[in-house]
Amino acid sequence: MSYPEQASPRRPAVVVTAVVVLAVMAVGALGYAVAGLSIVGGTVSRFRAAAVGTSADSAQVDAMVTLLRGVVVGAAVLSVLAALLLAGLAVGLIGGRPAARVSTWVVAGLGMLLGCCGIGTLLVQRATPLDFGDDQAAAELVALVSDAYPSWWIPITTTLSVAQVLGYLVVAVLLAMPSAHAWFRRRPVPPHHPQPPSYPPVHHQPSAYPPPVVPHQTYPPPGAPPSSPYPPR
């Protein structure tokens with residue numbers, strides 16, 4: 001009995017490359033989370049120092065600081081969750097699970113969508129400043145936020161967003177290659193169980209001679225004298 005599409009346990013290069021890209025993205029997400037949590041203290045201090053010369057009162061400054069901390073901590077938590085998700089997908093892909101391949105495509109599509117939205121939002125904010133109307137204090141505080149971050153933070157955030165979109169695109173294309181498709185649809189090789197030797201059935205041929213006839217022997221009734229096997233003289 002033959003089993004179609006039996007594949008060797010060797011993983012295709014495209015699958016290994018996709019796993020490596022996911023692992024690099026997971027490490028980058030963890031690094032982004034650690035970097036964000038490490039700069040939040042200095043960012044808040046610089047923001048408070050710059051907010052002293054504005055028309056905002058202490059309550060408005062405290063509200064903006066709370067929002068700033070929440071954004072940084074929230075982004076760090078999301079980055080850690082994304083790193084764990086990418087690591088889990090990488091483990092599933094290296095194990096050859098078809099469900100991990102489909103899940104990776106779903107996550108890649110969502111990741112590319114969110115990455116494009118983030119890049120678009122950043123570009124719109126740079127090109128068109130927010131209009132707060134008559135709330136001069138809020139406009140001044142928002143303008144101080146970008147200056148409170150380290151000079152390298154916003155460029156590296158933009159770079160990571162672009163790298164995220166490209167990474168998800170590369171992974172999705174690699175997993176759609178024919179070699180990856182054949183490997184994920186492979187059939188397991190059935191275990192070999194030795195079978196006992198089979199012998200042809202023995203057919204009994206009818207004999208040309210009839211079976212021997214056993215002569216019928218009569219016995220005297222109970223109580224009768226035994227008869228002599230010899231004739232009387």
# chains A, B, ... in the order shown; residues from 1 in each chain; ligands from 1
call {"tool": "residues_around", "arguments": {"residues": "A:Ile154", "least_positions_apart": "3", "cutoff": "12 Å", "atoms": "only C-alpha atoms", "output": "PyMOL selection string"}}
result
chain A and resi 32+36+119+122-123+126+145-151+157-161
call {"tool": "write_last_selection", "arguments": {"atoms": "all heavy atoms", "output": "compact mmCIF listing (two decimals), in the first residue's frame"}}
result
# COMPACT_ATOMS: atom_id res chain seq x y z
N TYR A 32 12.14 46.46 22.07
CA TYR A 32 11.36 47.70 22.06
C TYR A 32 10.63 47.91 23.38
O TYR A 32 10.56 49.04 23.90
CB TYR A 32 10.36 47.65 20.90
CG TYR A 32 9.51 48.89 20.77
CD1 TYR A 32 10.01 50.04 20.16
CD2 TYR A 32 8.21 48.92 21.26
CE1 TYR A 32 9.23 51.18 20.05
CE2 TYR A 32 7.42 50.05 21.14
CZ TYR A 32 7.93 51.18 20.54
OH TYR A 32 7.16 52.32 20.43
N GLY A 36 11.36 51.02 25.85
CA GLY A 36 10.29 51.95 26.22
C GLY A 36 10.15 52.12 27.72
O GLY A 36 9.97 53.24 28.23
N ILE A 119 2.29 53.80 10.70
CA ILE A 119 3.14 54.68 9.87
C ILE A 119 2.32 55.82 9.29
O ILE A 119 2.75 56.98 9.28
CB ILE A 119 3.80 53.86 8.75
CG1 ILE A 119 4.75 52.81 9.35
CG2 ILE A 119 4.56 54.77 7.81
CD1 ILE A 119 5.31 51.85 8.33
N LEU A 122 1.58 58.41 12.01
CA LEU A 122 2.76 59.21 12.32
C LEU A 122 3.02 60.25 11.24
O LEU A 122 3.34 61.42 11.55
CB LEU A 122 3.98 58.30 12.48
CG LEU A 122 5.28 58.97 12.91
CD1 LEU A 122 5.13 59.63 14.26
CD2 LEU A 122 6.42 57.95 12.93
N LEU A 123 2.87 59.86 9.99
CA LEU A 123 3.08 60.82 8.90
C LEU A 123 2.04 61.93 8.91
O LEU A 123 2.36 63.10 8.66
CB LEU A 123 3.07 60.09 7.55
CG LEU A 123 4.22 59.10 7.31
CD1 LEU A 123 4.04 58.40 5.97
CD2 LEU A 123 5.56 59.82 7.38
N ARG A 126 2.83 64.39 11.63
CA ARG A 126 3.96 65.24 11.28
C ARG A 126 3.54 66.31 10.27
O ARG A 126 4.00 67.46 10.34
CB ARG A 126 5.09 64.39 10.71
CG ARG A 126 5.79 63.52 11.74
CD ARG A 126 6.62 64.36 12.68
NE ARG A 126 7.35 63.55 13.63
CZ ARG A 126 8.16 64.05 14.57
NH1 ARG A 126 8.34 65.37 14.64
NH2 ARG A 126 8.77 63.26 15.42
N VAL A 145 5.50 66.83 24.09
CA VAL A 145 5.66 65.38 24.26
C VAL A 145 6.77 64.85 23.37
O VAL A 145 7.65 64.10 23.81
CB VAL A 145 4.33 64.67 23.99
CG1 VAL A 145 4.53 63.16 23.95
CG2 VAL A 145 3.30 65.02 25.05
N SER A 146 6.74 65.18 22.08
CA SER A 146 7.75 64.64 21.17
C SER A 146 9.15 65.10 21.53
O SER A 146 10.12 64.36 21.35
CB SER A 146 7.42 65.07 19.73
OG SER A 146 7.38 66.49 19.64
N ASP A 147 9.26 66.33 22.08
CA ASP A 147 10.59 66.81 22.49
C ASP A 147 11.06 66.16 23.78
O ASP A 147 12.27 66.16 24.06
CB ASP A 147 10.56 68.33 22.66
CG ASP A 147 10.29 69.05 21.35
OD1 ASP A 147 10.62 68.48 20.29
OD2 ASP A 147 9.73 70.16 21.39
N ALA A 148 10.13 65.63 24.58
CA ALA A 148 10.52 64.99 25.84
C ALA A 148 11.17 63.63 25.60
O ALA A 148 11.98 63.17 26.42
CB ALA A 148 9.31 64.85 26.75
N TYR A 149 10.82 62.95 24.53
CA TYR A 149 11.45 61.66 24.23
C TYR A 149 12.90 61.86 23.83
O TYR A 149 13.30 62.94 23.38
CB TYR A 149 10.70 60.97 23.08
CG TYR A 149 9.39 60.35 23.47
CD1 TYR A 149 8.19 60.95 23.12
CD2 TYR A 149 9.36 59.15 24.17
CE1 TYR A 149 6.98 60.38 23.46
CE2 TYR A 149 8.14 58.57 24.52
CZ TYR A 149 6.96 59.18 24.16
OH TYR A 149 5.77 58.61 24.51
N PRO A 150 13.74 60.82 23.99
CA PRO A 150 15.11 60.92 23.48
C PRO A 150 15.11 61.14 21.97
O PRO A 150 14.16 60.79 21.26
CB PRO A 150 15.72 59.56 23.85
CG PRO A 150 14.90 59.07 25.00
CD PRO A 150 13.51 59.58 24.76
N SER A 151 16.17 61.72 21.48
CA SER A 151 16.23 62.09 20.06
C SER A 151 16.17 60.85 19.15
O SER A 151 15.73 60.95 18.00
CB SER A 151 17.50 62.88 19.78
OG SER A 151 18.65 62.12 20.14
N THR A 157 11.38 54.07 16.38
CA THR A 157 10.00 53.58 16.35
C THR A 157 9.49 53.49 14.91
O THR A 157 8.85 52.50 14.52
CB THR A 157 9.09 54.49 17.18
OG1 THR A 157 9.57 54.53 18.52
CG2 THR A 157 7.66 53.99 17.17
N THR A 158 9.80 54.49 14.12
CA THR A 158 9.39 54.46 12.71
C THR A 158 10.10 53.34 11.96
O THR A 158 9.49 52.63 11.15
CB THR A 158 9.70 55.82 12.06
OG1 THR A 158 9.09 56.87 12.82
CG2 THR A 158 9.18 55.86 10.64
N THR A 159 11.38 53.16 12.24
CA THR A 159 12.14 52.09 11.57
C THR A 159 11.58 50.72 11.92
O THR A 159 11.45 49.84 11.05
CB THR A 159 13.62 52.18 11.95
OG1 THR A 159 14.13 53.47 11.61
CG2 THR A 159 14.42 51.11 11.25
N LEU A 160 11.26 50.51 13.20
CA LEU A 160 10.70 49.22 13.61
C LEU A 160 9.33 48.98 12.99
O LEU A 160 8.99 47.84 12.67
CB LEU A 160 10.62 49.16 15.14
CG LEU A 160 11.96 49.03 15.87
CD1 LEU A 160 11.72 49.04 17.38
CD2 LEU A 160 12.67 47.74 15.46
N SER A 161 8.54 50.03 12.83
CA SER A 161 7.23 49.86 12.20
C SER A 161 7.38 49.42 10.74
O SER A 161 6.67 48.52 10.27
CB SER A 161 6.44 51.16 12.29
OG SER A 161 6.20 51.53 13.64
call {"tool": "residues_around", "arguments": {"residues": "stretch 60-63 of chain A", "least_positions_apart": "3", "cutoff": "10 Å", "atoms": "only C-alpha atoms", "output": "list in words"}}
result
Phe47, Arg48, Ala51, Val52, Thr54, Ser55, Ala56, Asp57, Thr66, Leu67, Leu68, Arg69, Ala137, Ala138 and Leu141 of chain A
call {"tool": "closest_residue", "arguments": {"among": "A:Ala49, A:Ala108, A:Cys117, A:Leu30", "to": "A:Ala83", "atoms": "only C-alpha atoms"}}
result
A:Leu30
call {"tool": "closest_residue", "arguments": {"among": "A:Val21, A:Leu114, A:Met64, A:Ala90", "to": "A:Val142", "atoms": "only C-alpha atoms"}}
result
A:Met64
call {"tool": "select_by_dssp", "arguments": {"residues": "stretch 122-183 of chain A", "states": "helix (DSSP H, G or I)", "output": "ChimeraX atom specification"}}
result
/A:122-127,136-148,153-175,178-183
